[in-house]
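Dumped query_21.txt below, it's compact mmCIF, C-alpha atoms:
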# COMPACT_ATOMS: atom_id res chain seq x y z
CA MET A 1266 11.71 5.75 -2.05
CA LYS A 1267 12.13 9.48 -1.28
CA ARG A 1268 14.85 9.76 -3.93
CA ILE A 1269 12.61 8.11 -6.51
CA ILE A 1270 9.71 10.45 -5.74
CA THR A 1271 12.00 13.51 -5.83
CA ALA A 1272 13.54 12.46 -9.15
CA LEU A 1273 10.10 11.81 -10.65
CA THR A 1274 8.84 15.22 -9.51
CA LEU A 1275 11.88 17.03 -10.90
CA LEU A 1276 11.59 15.18 -14.21
CA THR A 1277 7.92 16.11 -14.56
CA LEU A 1278 8.54 19.78 -13.71
CA THR A 1279 11.46 19.94 -16.13
CA LEU A 1280 9.43 18.48 -18.99
CA VAL A 1281 6.50 20.76 -18.32
CA GLY A 1282 8.76 23.78 -18.06
CA GLN A 1283 10.47 23.03 -21.35
CA ALA A 1284 7.26 22.27 -23.22
CA GLN A 1285 6.50 25.82 -24.37
CA GLU A 1286 6.20 25.01 -28.07
CA ARG A 1287 4.50 22.31 -30.04
CA THR A 1288 6.65 19.34 -31.01
CA VAL A 1289 6.09 16.19 -33.05
CA GLN A 1290 3.69 13.89 -31.20
CA ASN A 1291 4.60 10.28 -30.59
CA ARG A 1292 1.74 7.79 -31.02
CA PRO A 1293 -0.88 10.51 -31.72
CA TYR A 1294 -3.83 8.08 -31.91
CA THR A 1295 -3.10 5.94 -28.86
CA ASP A 1296 -5.70 7.72 -26.69
CA LEU A 1297 -8.46 7.23 -29.26
CA ARG A 1298 -8.70 3.48 -28.65
CA ASP A 1299 -11.86 2.42 -26.85
CA PHE A 1300 -10.02 -0.22 -24.81
CA HIS A 1301 -6.39 -1.24 -24.34
CA PHE A 1302 -4.19 -3.41 -22.11
CA GLY A 1303 -0.87 -2.93 -20.35
CA VAL A 1304 1.44 -4.12 -17.59
CA LEU A 1305 2.59 -2.51 -14.37
CA VAL A 1306 5.55 -2.75 -12.01
CA GLY A 1307 6.39 -0.65 -9.01
CA THR A 1308 7.50 -0.26 -5.43
CA HIS A 1309 5.54 0.63 -2.32
CA LEU A 1310 5.75 1.26 1.41
CA GLN A 1311 3.32 -0.38 3.85
CA ASP A 1312 2.28 0.99 7.21
CA LEU A 1313 -0.04 -0.34 9.89
CA GLU A 1314 -1.87 2.17 12.10
CA LEU A 1315 -2.43 0.32 15.39
CA THR A 1316 -4.83 1.25 18.19
CA ASN A 1317 -3.59 0.09 21.61
CA VAL A 1318 -6.02 -0.93 24.36
CA GLY A 1319 -3.84 0.26 27.26
CA PRO A 1320 -3.90 -1.61 30.62
CA GLN A 1321 -5.29 -5.14 30.46
CA MET A 1322 -5.80 -7.93 32.97
CA ILE A 1323 -4.03 -11.19 32.05
CA ASP A 1324 -4.11 -14.65 33.65
CA LEU A 1325 -0.68 -16.23 33.02
CA ASP A 1326 -1.66 -19.58 34.61
CA ASP A 1327 1.19 -19.24 37.12
CA GLY A 1328 -0.98 -19.34 40.22
CA ASN A 1329 -0.90 -15.57 40.77
CA GLY A 1330 -4.33 -14.93 39.28
CA LEU A 1331 -5.00 -11.86 37.17
CA VAL A 1332 -2.16 -9.37 36.71
CA GLU A 1333 -2.18 -6.02 34.95
CA LYS A 1334 -0.05 -5.61 31.83
CA VAL A 1335 0.50 -2.56 29.64
CA ILE A 1336 1.69 -3.30 26.11
CA SER A 1337 2.27 -0.71 23.39
CA ALA A 1338 2.48 -1.90 19.75
CA ASP A 1339 3.71 0.10 16.78
CA GLN A 1340 5.11 -0.36 13.29
CA ASP A 1341 8.29 1.58 13.84
CA ARG A 1342 9.76 1.66 10.34
CA TRP A 1343 8.85 1.61 6.66
CA ASP A 1344 9.97 -1.36 4.57
CA ALA A 1345 9.79 -1.26 0.78
CA GLY A 1346 7.97 -3.93 -1.21
CA PHE A 1347 7.25 -4.46 -4.88
CA THR A 1348 4.17 -4.65 -7.10
CA VAL A 1349 3.48 -6.46 -10.39
CA GLY A 1350 0.28 -6.72 -12.41
CA VAL A 1351 -1.67 -6.05 -15.58
CA LEU A 1352 -4.31 -3.52 -16.54
CA GLY A 1353 -7.22 -2.91 -18.85
CA GLU A 1354 -8.43 0.62 -19.54
CA LEU A 1355 -11.73 1.80 -21.02
CA ARG A 1356 -11.99 5.22 -22.65
CA LEU A 1357 -15.18 6.96 -21.46
CA ASN A 1358 -14.59 10.31 -23.18
CA THR A 1359 -11.73 12.68 -23.96
CA THR A 1360 -11.12 13.32 -20.24
CA LEU A 1361 -12.22 10.25 -18.28
CA GLN A 1362 -10.92 6.67 -18.35
CA LEU A 1363 -11.91 3.65 -16.26
CA ARG A 1364 -9.01 1.38 -15.35
CA VAL A 1365 -9.13 -2.15 -13.94
CA ALA A 1366 -5.74 -3.30 -12.64
CA PRO A 1367 -5.28 -6.77 -11.07
CA ALA A 1368 -1.95 -6.86 -9.23
CA MET A 1369 0.06 -8.46 -6.44
CA TYR A 1370 1.69 -6.54 -3.57
CA PHE A 1371 4.59 -8.16 -1.71
CA GLY A 1372 6.06 -6.52 1.39
CA THR A 1373 6.97 -6.64 5.08
CA ARG A 1374 5.80 -4.86 8.20
CA HIS A 1375 8.14 -4.58 11.20
CA ILE A 1376 6.05 -4.44 14.39
CA THR A 1377 7.50 -3.83 17.85
CA PHE A 1378 5.64 -4.58 21.10
CA HIS A 1379 6.83 -2.58 24.12
CA ASN A 1380 6.03 -4.26 27.45
CA LEU A 1381 5.77 -1.26 29.78
CA THR A 1382 5.09 -3.47 32.82
CA ASP A 1383 7.99 -5.95 32.65
CA LEU A 1384 11.26 -3.98 32.60
CA ASN A 1385 14.76 -5.22 31.86
CA ALA A 1386 17.87 -4.79 34.04
CA ASN A 1387 18.31 -1.21 32.78
CA GLY A 1388 14.78 -0.26 33.74
CA GLU A 1389 13.63 -0.16 30.11
CA PRO A 1390 10.53 -1.84 28.67
CA THR A 1391 11.12 -5.30 27.24
CA GLU A 1392 10.36 -5.76 23.56
CA GLN A 1393 8.99 -8.40 21.23
CA ILE A 1394 9.37 -8.16 17.45
CA GLN A 1395 7.11 -9.46 14.70
CA GLU A 1396 8.20 -9.46 11.07
CA MET A 1397 4.86 -9.59 9.28
CA LYS A 1398 5.29 -10.78 5.70
CA THR A 1399 2.46 -9.65 3.44
CA ALA A 1400 1.25 -10.83 0.05
CA TYR A 1401 -1.90 -9.28 -1.40
CA ILE A 1402 -3.87 -10.07 -4.54
CA SER A 1403 -5.71 -6.90 -5.55
CA CYS A 1404 -8.01 -5.67 -8.28
CA ALA A 1405 -8.19 -1.88 -8.40
CA PHE A 1406 -11.06 -0.01 -10.06
CA ASP A 1407 -9.87 3.52 -10.79
CA LEU A 1408 -11.47 6.55 -12.43
CA ILE A 1409 -8.85 8.70 -14.19
CA ALA A 1410 -9.41 12.37 -15.04
CA ALA A 1411 -6.72 13.58 -17.45
CA ALA A 1412 -5.81 17.04 -18.68
CA PRO A 1413 -5.60 17.69 -22.44
CA ARG A 1414 -2.47 16.24 -24.01
CA PHE A 1415 0.30 18.71 -24.79
CA ASN A 1416 3.19 17.48 -26.89
CA ASN A 1417 4.19 14.10 -25.41
CA HIS A 1418 2.89 14.32 -21.87
CA ARG A 1419 -0.51 14.42 -20.16
CA PRO A 1420 -0.97 14.80 -16.36
CA TYR A 1421 -3.93 13.27 -14.57
CA ALA A 1422 -5.54 12.60 -11.19
CA MET A 1423 -7.15 9.33 -10.13
CA LEU A 1424 -9.58 8.03 -7.51
CA GLY A 1425 -10.54 4.42 -6.94
CA ILE A 1426 -11.46 1.41 -4.83
CA ASN A 1427 -9.07 -1.51 -4.42
CA PRO A 1428 -10.36 -4.75 -2.84
CA MET A 1429 -7.51 -7.02 -1.69
CA LEU A 1430 -7.13 -10.65 -0.66
CA ASN A 1431 -4.46 -11.28 2.00
CA LEU A 1432 -2.52 -14.50 1.34
CA SER A 1433 -0.20 -14.19 4.36
CA GLY A 1434 -0.58 -14.65 8.10
CA LYS A 1435 0.30 -17.43 10.53
CA ASP A 1436 -1.46 -18.73 13.64
CA ASN A 1437 1.74 -18.56 15.72
CA GLU A 1438 2.27 -14.81 15.28
CA TYR A 1439 1.33 -12.11 17.77
CA ILE A 1440 -1.20 -10.40 15.52
CA LYS A 1441 -2.78 -11.44 12.27
CA LEU A 1442 -4.67 -9.52 9.60
CA LYS A 1443 -7.96 -10.46 7.98
CA LYS A 1444 -8.04 -12.37 4.73
CA SER A 1445 -9.82 -9.56 2.89
CA ASP A 1446 -9.65 -5.78 2.91
CA VAL A 1447 -10.80 -2.81 0.83
CA PHE A 1448 -8.66 0.26 0.18
CA LEU A 1449 -9.56 3.75 -0.95
CA GLU A 1450 -6.86 5.09 -3.25
CA VAL A 1451 -6.10 8.54 -4.62
CA GLY A 1452 -3.13 9.64 -6.69
CA LEU A 1453 -1.47 11.70 -9.38
CA GLY A 1454 0.37 10.65 -12.50
CA CYS A 1455 1.50 11.69 -15.94
CA ASP A 1456 1.42 9.96 -19.34
CA PHE A 1457 4.65 10.15 -21.32
CA TYR A 1458 4.25 9.25 -24.98
CA LEU A 1459 7.40 7.52 -26.17
CA PRO A 1460 8.03 6.35 -29.76
CA TYR A 1461 7.08 2.71 -29.10
CA PHE A 1462 4.88 2.77 -25.99
CA LYS A 1463 3.25 5.02 -23.40
CA LEU A 1464 4.88 5.24 -19.96
CA ARG A 1465 2.76 6.27 -17.00
CA PRO A 1466 4.45 6.92 -13.62
CA GLU A 1467 1.90 7.24 -10.84
CA LEU A 1468 2.12 8.03 -7.14
CA LYS A 1469 -0.89 7.02 -5.06
CA PHE A 1470 -1.93 6.77 -1.42
CA MET A 1471 -4.05 3.85 -0.22
CA TYR A 1472 -5.97 3.62 3.07
CA SER A 1473 -7.97 0.69 4.44
CA LEU A 1474 -11.68 1.38 4.86
CA SER A 1475 -12.18 -1.23 7.61
CA ASN A 1476 -10.47 -2.70 10.65
CA SER A 1477 -7.83 -5.03 9.17
CA LEU A 1478 -7.18 -6.88 12.44
CA ASP A 1479 -8.29 -10.52 12.77
CA LYS A 1480 -10.14 -10.43 16.08
CA ASN A 1481 -10.47 -14.23 16.19
CA HIS A 1482 -6.72 -14.81 16.06
CA ALA A 1483 -6.38 -15.02 19.87
CA LYS A 1484 -8.52 -18.18 19.94
CA ASN A 1485 -5.98 -20.04 17.81
CA LEU A 1486 -2.90 -19.26 19.92
CA ARG A 1487 -1.38 -22.25 21.71
CA ASP A 1488 1.14 -20.21 23.69
CA LYS A 1489 -0.97 -18.29 26.23
CA ASN A 1490 1.99 -16.03 27.06
CA MET A 1491 1.44 -14.42 23.64
CA LEU A 1492 -2.08 -13.32 24.54
CA MET A 1493 -0.99 -10.14 26.29
CA TYR A 1494 0.60 -8.97 23.02
CA THR A 1495 -2.23 -10.15 20.80
CA ASN A 1496 -4.88 -8.50 22.96
CA SER A 1497 -2.92 -5.26 23.28
CA VAL A 1498 -4.21 -4.12 19.86
CA SER A 1499 -7.91 -3.46 19.20
CA GLU A 1500 -7.75 -2.05 15.68
CA ALA A 1501 -5.38 -1.98 12.72
CA ARG A 1502 -5.65 0.22 9.62
CA SER A 1503 -3.47 -0.60 6.66
CA LYS A 1504 -1.84 2.21 4.67
CA ILE A 1505 0.23 1.97 1.49
CA ILE A 1506 2.18 4.54 -0.51
CA ALA A 1507 2.75 3.15 -4.00
CA LEU A 1508 4.91 4.35 -6.89
CA THR A 1509 3.83 2.44 -9.98
CA PHE A 1510 4.99 2.46 -13.61
CA TYR A 1511 2.39 1.49 -16.22
CA PHE A 1512 3.51 0.40 -19.70
CA GLU A 1513 0.80 0.64 -22.36
Do you think you could lay out the structure here as structure tokens?
Amino acid sequence: MKRIITALTLLTLTLVGQAQERTVQNRPYTDLRDFHFGVLVGTHLQDLELTNVGPQMIDLDDGNGLVEKVISADQDRWDAGFTVGVLGELRLNTTLQLRVAPAMYFGTRHITFHNLTDLNANGEPTEQIQEMKTAYISCAFDLIAAAPRFNNHRPYAMLGINPMLNLSGKDNEYIKLKKSDVFLEVGLGCDFYLPYFKLRPELKFMYSLSNSLDKNHAKNLRDKNMLMYTNSVSEARSKIIALTFYFE
């Protein structure tokens, strides 16, 4: 992902640096359309910002009554996913466009629970792992503010709201996310006008506006030994870094 972002940045800077003189414009009237469609593909990284509750009292039903447990949960690595979708874009004026982009986000989150109370033979905290598969259906509403076109490129900034429907989640996992979420997204991109279509690479950052954690999940657990891990987290905020390529 870092290599892709670096290569995209270098390509943009190179094109801007070389564009000192006017050249023949590809598709000169493409931005004059009131409305147009396109498709999108891309890759992204998902993160989950977890808030731990600290010490908690747990009844393990072993006859010992309540015992104190300290569990720390964290998503300890970034795993890449992929995005596919379509878009429709409305031209508001020469600078502003309104884009609606239904899409699907597929990815994985690797979550590690560190049991700081129960240690192993080496005196280290024991661990439990959850591979959280994610599949979102989204529909982003983005306002795009673009600079004037020069030759065959046009940089822009965007700001939008992206409601998402979570299709993943199982009742036998340690933690589970809500079925719906809303993300604020902000990003930068650049239109490249090619002879047969317009290519738009875009890098955006997405942050959940609400607590994504399903607080009712603990009621559905059959294995009560999982409760100490489920109840160790009080809040979860989803974050996504997305690199998307729009073809229009």
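With distances taken over all atoms listed in the file, A:Gly1452 is the one residue among A:Pro1466, A:Gly1388, A:Gly1350, A:Gly1452 lying closest to Gly1425 of chain A.
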Residue neighbourhood segment 1494-1499 of chain A, 10 Å, only C-alpha atoms, exclusion window fewer than 5 positions, as a PDB file with C-alpha atoms, in the frame of the given file:
ATOM      1  CA  LEU A1315      -2.430   0.320  15.390  1.00  0.00           C
ATOM      2  CA  THR A1316      -4.830   1.250  18.190  1.00  0.00           C
ATOM      3  CA  ASN A1317      -3.590   0.090  21.610  1.00  0.00           C
ATOM      4  CA  VAL A1318      -6.020  -0.930  24.360  1.00  0.00           C
ATOM      5  CA  GLY A1319      -3.840   0.260  27.260  1.00  0.00           C
ATOM      6  CA  PRO A1320      -3.900  -1.610  30.620  1.00  0.00           C
ATOM      7  CA  GLN A1321      -5.290  -5.140  30.460  1.00  0.00           C
ATOM      8  CA  ILE A1323      -4.030 -11.190  32.050  1.00  0.00           C
ATOM      9  CA  LYS A1334      -0.050  -5.610  31.830  1.00  0.00           C
ATOM     10  CA  VAL A1335       0.500  -2.560  29.640  1.00  0.00           C
ATOM     11  CA  ILE A1336       1.690  -3.300  26.110  1.00  0.00           C
ATOM     12  CA  SER A1337       2.270  -0.710  23.390  1.00  0.00           C
ATOM     13  CA  ALA A1338       2.480  -1.900  19.750  1.00  0.00           C
ATOM     14  CA  ASP A1339       3.710   0.100  16.780  1.00  0.00           C
ATOM     15  CA  PHE A1378       5.640  -4.580  21.100  1.00  0.00           C
ATOM     16  CA  HIS A1379       6.830  -2.580  24.120  1.00  0.00           C
ATOM     17  CA  ASN A1380       6.030  -4.260  27.450  1.00  0.00           C
ATOM     18  CA  GLN A1393       8.990  -8.400  21.230  1.00  0.00           C
ATOM     19  CA  GLU A1438       2.270 -14.810  15.280  1.00  0.00           C
ATOM     20  CA  TYR A1439       1.330 -12.110  17.770  1.00  0.00           C
ATOM     21  CA  ILE A1440      -1.200 -10.400  15.520  1.00  0.00           C
ATOM     22  CA  LYS A1441      -2.780 -11.440  12.270  1.00  0.00           C
ATOM     23  CA  ASN A1476     -10.470  -2.700  10.650  1.00  0.00           C
ATOM     24  CA  LEU A1478      -7.180  -6.880  12.440  1.00  0.00           C
ATOM     25  CA  ASP A1479      -8.290 -10.520  12.770  1.00  0.00           C
ATOM     26  CA  LYS A1480     -10.140 -10.430  16.080  1.00  0.00           C
ATOM     27  CA  HIS A1482      -6.720 -14.810  16.060  1.00  0.00           C
ATOM     28  CA  ALA A1483      -6.380 -15.020  19.870  1.00  0.00           C
ATOM     29  CA  LEU A1486      -2.900 -19.260  19.920  1.00  0.00           C
ATOM     30  CA  LYS A1489      -0.970 -18.290  26.230  1.00  0.00           C
TER      31      LYS A1489
END
So that all listed atoms of segment 1482-1497 of chain A fit with 4 Å spare on each side, what axis-aligned box centre and edge lengths in Å, to one decimal, would you give as AutoDock Vina command-line options?
--center_x -3.3 --center_y -13.8 --center_z 21.6 --size_x 18.5 --size_y 25.0 --size_z 19.0
Can you write out as a Markdown table which residues of segment 1328-1396 of chain A fall within 10 Å of segment 1402-1413 of chain A, alongside each residue's closest atom pair and its distance in Å to one decimal, counting only C-alpha atoms and ordering rows by chain and ascending residue number?
| residue | atom | partner | partner_atom | distance |
| --- | --- | --- | --- | --- |
| A:Gly1350 | CA | A:Ser1403 | CA | 9.1 |
| A:Val1351 | CA | A:Cys1404 | CA | 9.7 |
| A:Leu1352 | CA | A:Ala1405 | CA | 9.2 |
| A:Glu1354 | CA | A:Asp1407 | CA | 9.3 |
| A:Leu1355 | CA | A:Leu1408 | CA | 9.8 |
| A:Arg1356 | CA | A:Ile1409 | CA | 9.7 |
| A:Leu1357 | CA | A:Leu1408 | CA | 9.8 |
| A:Asn1358 | CA | A:Ala1410 | CA | 9.9 |
| A:Thr1359 | CA | A:Pro1413 | CA | 8.1 |
| A:Thr1360 | CA | A:Ala1411 | CA | 5.2 |
| A:Leu1361 | CA | A:Ala1410 | CA | 4.8 |
| A:Gln1362 | CA | A:Ile1409 | CA | 5.1 |
| A:Leu1363 | CA | A:Leu1408 | CA | 4.8 |
| A:Arg1364 | CA | A:Asp1407 | CA | 5.1 |
| A:Val1365 | CA | A:Phe1406 | CA | 4.8 |
| A:Ala1366 | CA | A:Ala1405 | CA | 5.1 |
| A:Pro1367 | CA | A:Cys1404 | CA | 4.1 |
| A:Ala1368 | CA | A:Ser1403 | CA | 5.3 |
| A:Met1369 | CA | A:Ile1402 | CA | 4.7 |
| A:Tyr1370 | CA | A:Ile1402 | CA | 6.7 |
| A:Phe1371 | CA | A:Ile1402 | CA | 9.1 |
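Neighbouring residues of Glu1513 of chain A at 7 Å or closer, counting all atoms listed in the file and skipping chain neighbours under 6 positions away, are A:Phe1302, A:Gly1303, A:Val1304, A:Phe1462, A:Lys1463, A:Leu1464.
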Write the residues you've just listed into a file as a tab-separated table (two decimals), in the frame of the given file, and include C-alpha atoms for each of them.
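Result saved to out.tsv:
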chain	number	residue	atom	x	y	z
A	1302	PHE	CA	-4.19	-3.41	-22.11
A	1303	GLY	CA	-0.87	-2.93	-20.35
A	1304	VAL	CA	1.44	-4.12	-17.59
A	1462	PHE	CA	4.88	2.77	-25.99
A	1463	LYS	CA	3.25	5.02	-23.40
A	1464	LEU	CA	4.88	5.24	-19.96
Please return segment 1407-1440 of chain A, rebuilt to N, CA and C atoms, as a PDB file, in the coordinates of the input.
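Saved as selection.pdb:
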ATOM      1  N   ASP A1407     -10.272   2.129 -10.898  1.00  0.00           N
ATOM      2  CA  ASP A1407      -9.870   3.520 -10.790  1.00  0.00           C
ATOM      3  C   ASP A1407     -10.527   4.370 -11.880  1.00  0.00           C
ATOM      4  N   LEU A1408     -10.983   5.555 -11.488  1.00  0.00           N
ATOM      5  CA  LEU A1408     -11.470   6.550 -12.430  1.00  0.00           C
ATOM      6  C   LEU A1408     -10.373   7.582 -12.621  1.00  0.00           C
ATOM      7  N   ILE A1409      -9.955   7.796 -13.864  1.00  0.00           N
ATOM      8  CA  ILE A1409      -8.850   8.700 -14.190  1.00  0.00           C
ATOM      9  C   ILE A1409      -9.410   9.925 -14.896  1.00  0.00           C
ATOM     10  N   ALA A1410      -9.044  11.110 -14.415  1.00  0.00           N
ATOM     11  CA  ALA A1410      -9.410  12.370 -15.040  1.00  0.00           C
ATOM     12  C   ALA A1410      -8.122  13.031 -15.542  1.00  0.00           C
ATOM     13  N   ALA A1411      -7.965  13.109 -16.859  1.00  0.00           N
ATOM     14  CA  ALA A1411      -6.720  13.580 -17.450  1.00  0.00           C
ATOM     15  C   ALA A1411      -6.888  14.955 -18.077  1.00  0.00           C
ATOM     16  N   ALA A1412      -5.836  15.746 -18.005  1.00  0.00           N
ATOM     17  CA  ALA A1412      -5.810  17.040 -18.680  1.00  0.00           C
ATOM     18  C   ALA A1412      -5.615  16.827 -20.177  1.00  0.00           C
ATOM     19  N   PRO A1413      -5.868  17.832 -20.996  1.00  0.00           N
ATOM     20  CA  PRO A1413      -5.600  17.690 -22.440  1.00  0.00           C
ATOM     21  C   PRO A1413      -4.117  17.407 -22.691  1.00  0.00           C
ATOM     22  N   ARG A1414      -3.855  16.572 -23.665  1.00  0.00           N
ATOM     23  CA  ARG A1414      -2.470  16.240 -24.010  1.00  0.00           C
ATOM     24  C   ARG A1414      -1.778  17.448 -24.610  1.00  0.00           C
ATOM     25  N   PHE A1415      -0.535  17.672 -24.184  1.00  0.00           N
ATOM     26  CA  PHE A1415       0.300  18.710 -24.790  1.00  0.00           C
ATOM     27  C   PHE A1415       1.639  18.092 -25.134  1.00  0.00           C
ATOM     28  N   ASN A1416       1.977  18.131 -26.391  1.00  0.00           N
ATOM     29  CA  ASN A1416       3.190  17.480 -26.890  1.00  0.00           C
ATOM     30  C   ASN A1416       3.153  15.999 -26.509  1.00  0.00           C
ATOM     31  N   ASN A1417       4.111  15.532 -25.719  1.00  0.00           N
ATOM     32  CA  ASN A1417       4.190  14.100 -25.410  1.00  0.00           C
ATOM     33  C   ASN A1417       4.027  13.814 -23.926  1.00  0.00           C
ATOM     34  N   HIS A1418       3.207  14.619 -23.263  1.00  0.00           N
ATOM     35  CA  HIS A1418       2.890  14.320 -21.870  1.00  0.00           C
ATOM     36  C   HIS A1418       1.466  14.772 -21.557  1.00  0.00           C
ATOM     37  N   ARG A1419       0.880  14.143 -20.536  1.00  0.00           N
ATOM     38  CA  ARG A1419      -0.510  14.420 -20.160  1.00  0.00           C
ATOM     39  C   ARG A1419      -0.712  14.084 -18.686  1.00  0.00           C
ATOM     40  N   PRO A1420      -0.775  15.067 -17.792  1.00  0.00           N
ATOM     41  CA  PRO A1420      -0.970  14.800 -16.360  1.00  0.00           C
ATOM     42  C   PRO A1420      -2.415  14.404 -16.065  1.00  0.00           C
ATOM     43  N   TYR A1421      -2.594  13.711 -14.945  1.00  0.00           N
ATOM     44  CA  TYR A1421      -3.930  13.270 -14.570  1.00  0.00           C
ATOM     45  C   TYR A1421      -4.019  13.070 -13.061  1.00  0.00           C
ATOM     46  N   ALA A1422      -5.252  12.970 -12.573  1.00  0.00           N
ATOM     47  CA  ALA A1422      -5.540  12.600 -11.190  1.00  0.00           C
ATOM     48  C   ALA A1422      -6.437  11.363 -11.219  1.00  0.00           C
ATOM     49  N   MET A1423      -6.369  10.552 -10.171  1.00  0.00           N
ATOM     50  CA  MET A1423      -7.150   9.330 -10.130  1.00  0.00           C
ATOM     51  C   MET A1423      -7.749   9.104  -8.749  1.00  0.00           C
ATOM     52  N   LEU A1424      -8.892   8.393  -8.737  1.00  0.00           N
ATOM     53  CA  LEU A1424      -9.580   8.030  -7.510  1.00  0.00           C
ATOM     54  C   LEU A1424     -10.180   6.645  -7.722  1.00  0.00           C
ATOM     55  N   GLY A1425     -10.033   5.762  -6.715  1.00  0.00           N
ATOM     56  CA  GLY A1425     -10.540   4.420  -6.940  1.00  0.00           C
ATOM     57  C   GLY A1425     -10.734   3.614  -5.676  1.00  0.00           C
ATOM     58  N   ILE A1426     -11.246   2.412  -5.871  1.00  0.00           N
ATOM     59  CA  ILE A1426     -11.460   1.410  -4.830  1.00  0.00           C
ATOM     60  C   ILE A1426     -10.631   0.184  -5.181  1.00  0.00           C
ATOM     61  N   ASN A1427      -9.952  -0.366  -4.173  1.00  0.00           N
ATOM     62  CA  ASN A1427      -9.070  -1.510  -4.420  1.00  0.00           C
ATOM     63  C   ASN A1427      -9.344  -2.611  -3.399  1.00  0.00           C
ATOM     64  N   PRO A1428     -10.191  -3.589  -3.724  1.00  0.00           N
ATOM     65  CA  PRO A1428     -10.360  -4.750  -2.840  1.00  0.00           C
ATOM     66  C   PRO A1428      -9.135  -5.654  -2.910  1.00  0.00           C
ATOM     67  N   MET A1429      -8.718  -6.192  -1.753  1.00  0.00           N
ATOM     68  CA  MET A1429      -7.510  -7.020  -1.690  1.00  0.00           C
ATOM     69  C   MET A1429      -7.780  -8.309  -0.920  1.00  0.00           C
ATOM     70  N   LEU A1430      -7.091  -9.360  -1.336  1.00  0.00           N
ATOM     71  CA  LEU A1430      -7.130 -10.650  -0.660  1.00  0.00           C
ATOM     72  C   LEU A1430      -5.754 -10.897  -0.046  1.00  0.00           C
ATOM     73  N   ASN A1431      -5.710 -11.092   1.269  1.00  0.00           N
ATOM     74  CA  ASN A1431      -4.460 -11.280   2.000  1.00  0.00           C
ATOM     75  C   ASN A1431      -4.091 -12.765   2.018  1.00  0.00           C
ATOM     76  N   LEU A1432      -2.960 -13.108   1.411  1.00  0.00           N
ATOM     77  CA  LEU A1432      -2.520 -14.500   1.340  1.00  0.00           C
ATOM     78  C   LEU A1432      -1.579 -14.879   2.476  1.00  0.00           C
ATOM     79  N   SER A1433      -1.187 -13.945   3.307  1.00  0.00           N
ATOM     80  CA  SER A1433      -0.200 -14.190   4.360  1.00  0.00           C
ATOM     81  C   SER A1433      -0.872 -14.267   5.714  1.00  0.00           C
ATOM     82  N   GLY A1434      -0.072 -14.559   6.734  1.00  0.00           N
ATOM     83  CA  GLY A1434      -0.580 -14.650   8.100  1.00  0.00           C
ATOM     84  C   GLY A1434      -0.452 -16.048   8.658  1.00  0.00           C
ATOM     85  N   LYS A1435       0.098 -16.139   9.880  1.00  0.00           N
ATOM     86  CA  LYS A1435       0.300 -17.430  10.530  1.00  0.00           C
ATOM     87  C   LYS A1435      -0.377 -17.420  11.897  1.00  0.00           C
ATOM     88  N   ASP A1436      -0.775 -18.617  12.358  1.00  0.00           N
ATOM     89  CA  ASP A1436      -1.460 -18.730  13.640  1.00  0.00           C
ATOM     90  C   ASP A1436      -0.524 -18.582  14.835  1.00  0.00           C
ATOM     91  N   ASN A1437       0.798 -18.663  14.612  1.00  0.00           N
ATOM     92  CA  ASN A1437       1.740 -18.560  15.720  1.00  0.00           C
ATOM     93  C   ASN A1437       2.377 -17.181  15.816  1.00  0.00           C
ATOM     94  N   GLU A1438       1.777 -16.179  15.189  1.00  0.00           N
ATOM     95  CA  GLU A1438       2.270 -14.810  15.280  1.00  0.00           C
ATOM     96  C   GLU A1438       1.446 -14.021  16.301  1.00  0.00           C
ATOM     97  N   TYR A1439       2.010 -12.902  16.749  1.00  0.00           N
ATOM     98  CA  TYR A1439       1.330 -12.110  17.770  1.00  0.00           C
ATOM     99  C   TYR A1439       0.006 -11.550  17.254  1.00  0.00           C
ATOM    100  N   ILE A1440       0.040 -10.899  16.102  1.00  0.00           N
ATOM    101  CA  ILE A1440      -1.200 -10.400  15.520  1.00  0.00           C
ATOM    102  C   ILE A1440      -1.287 -10.877  14.079  1.00  0.00           C
TER     103      ILE A1440
END
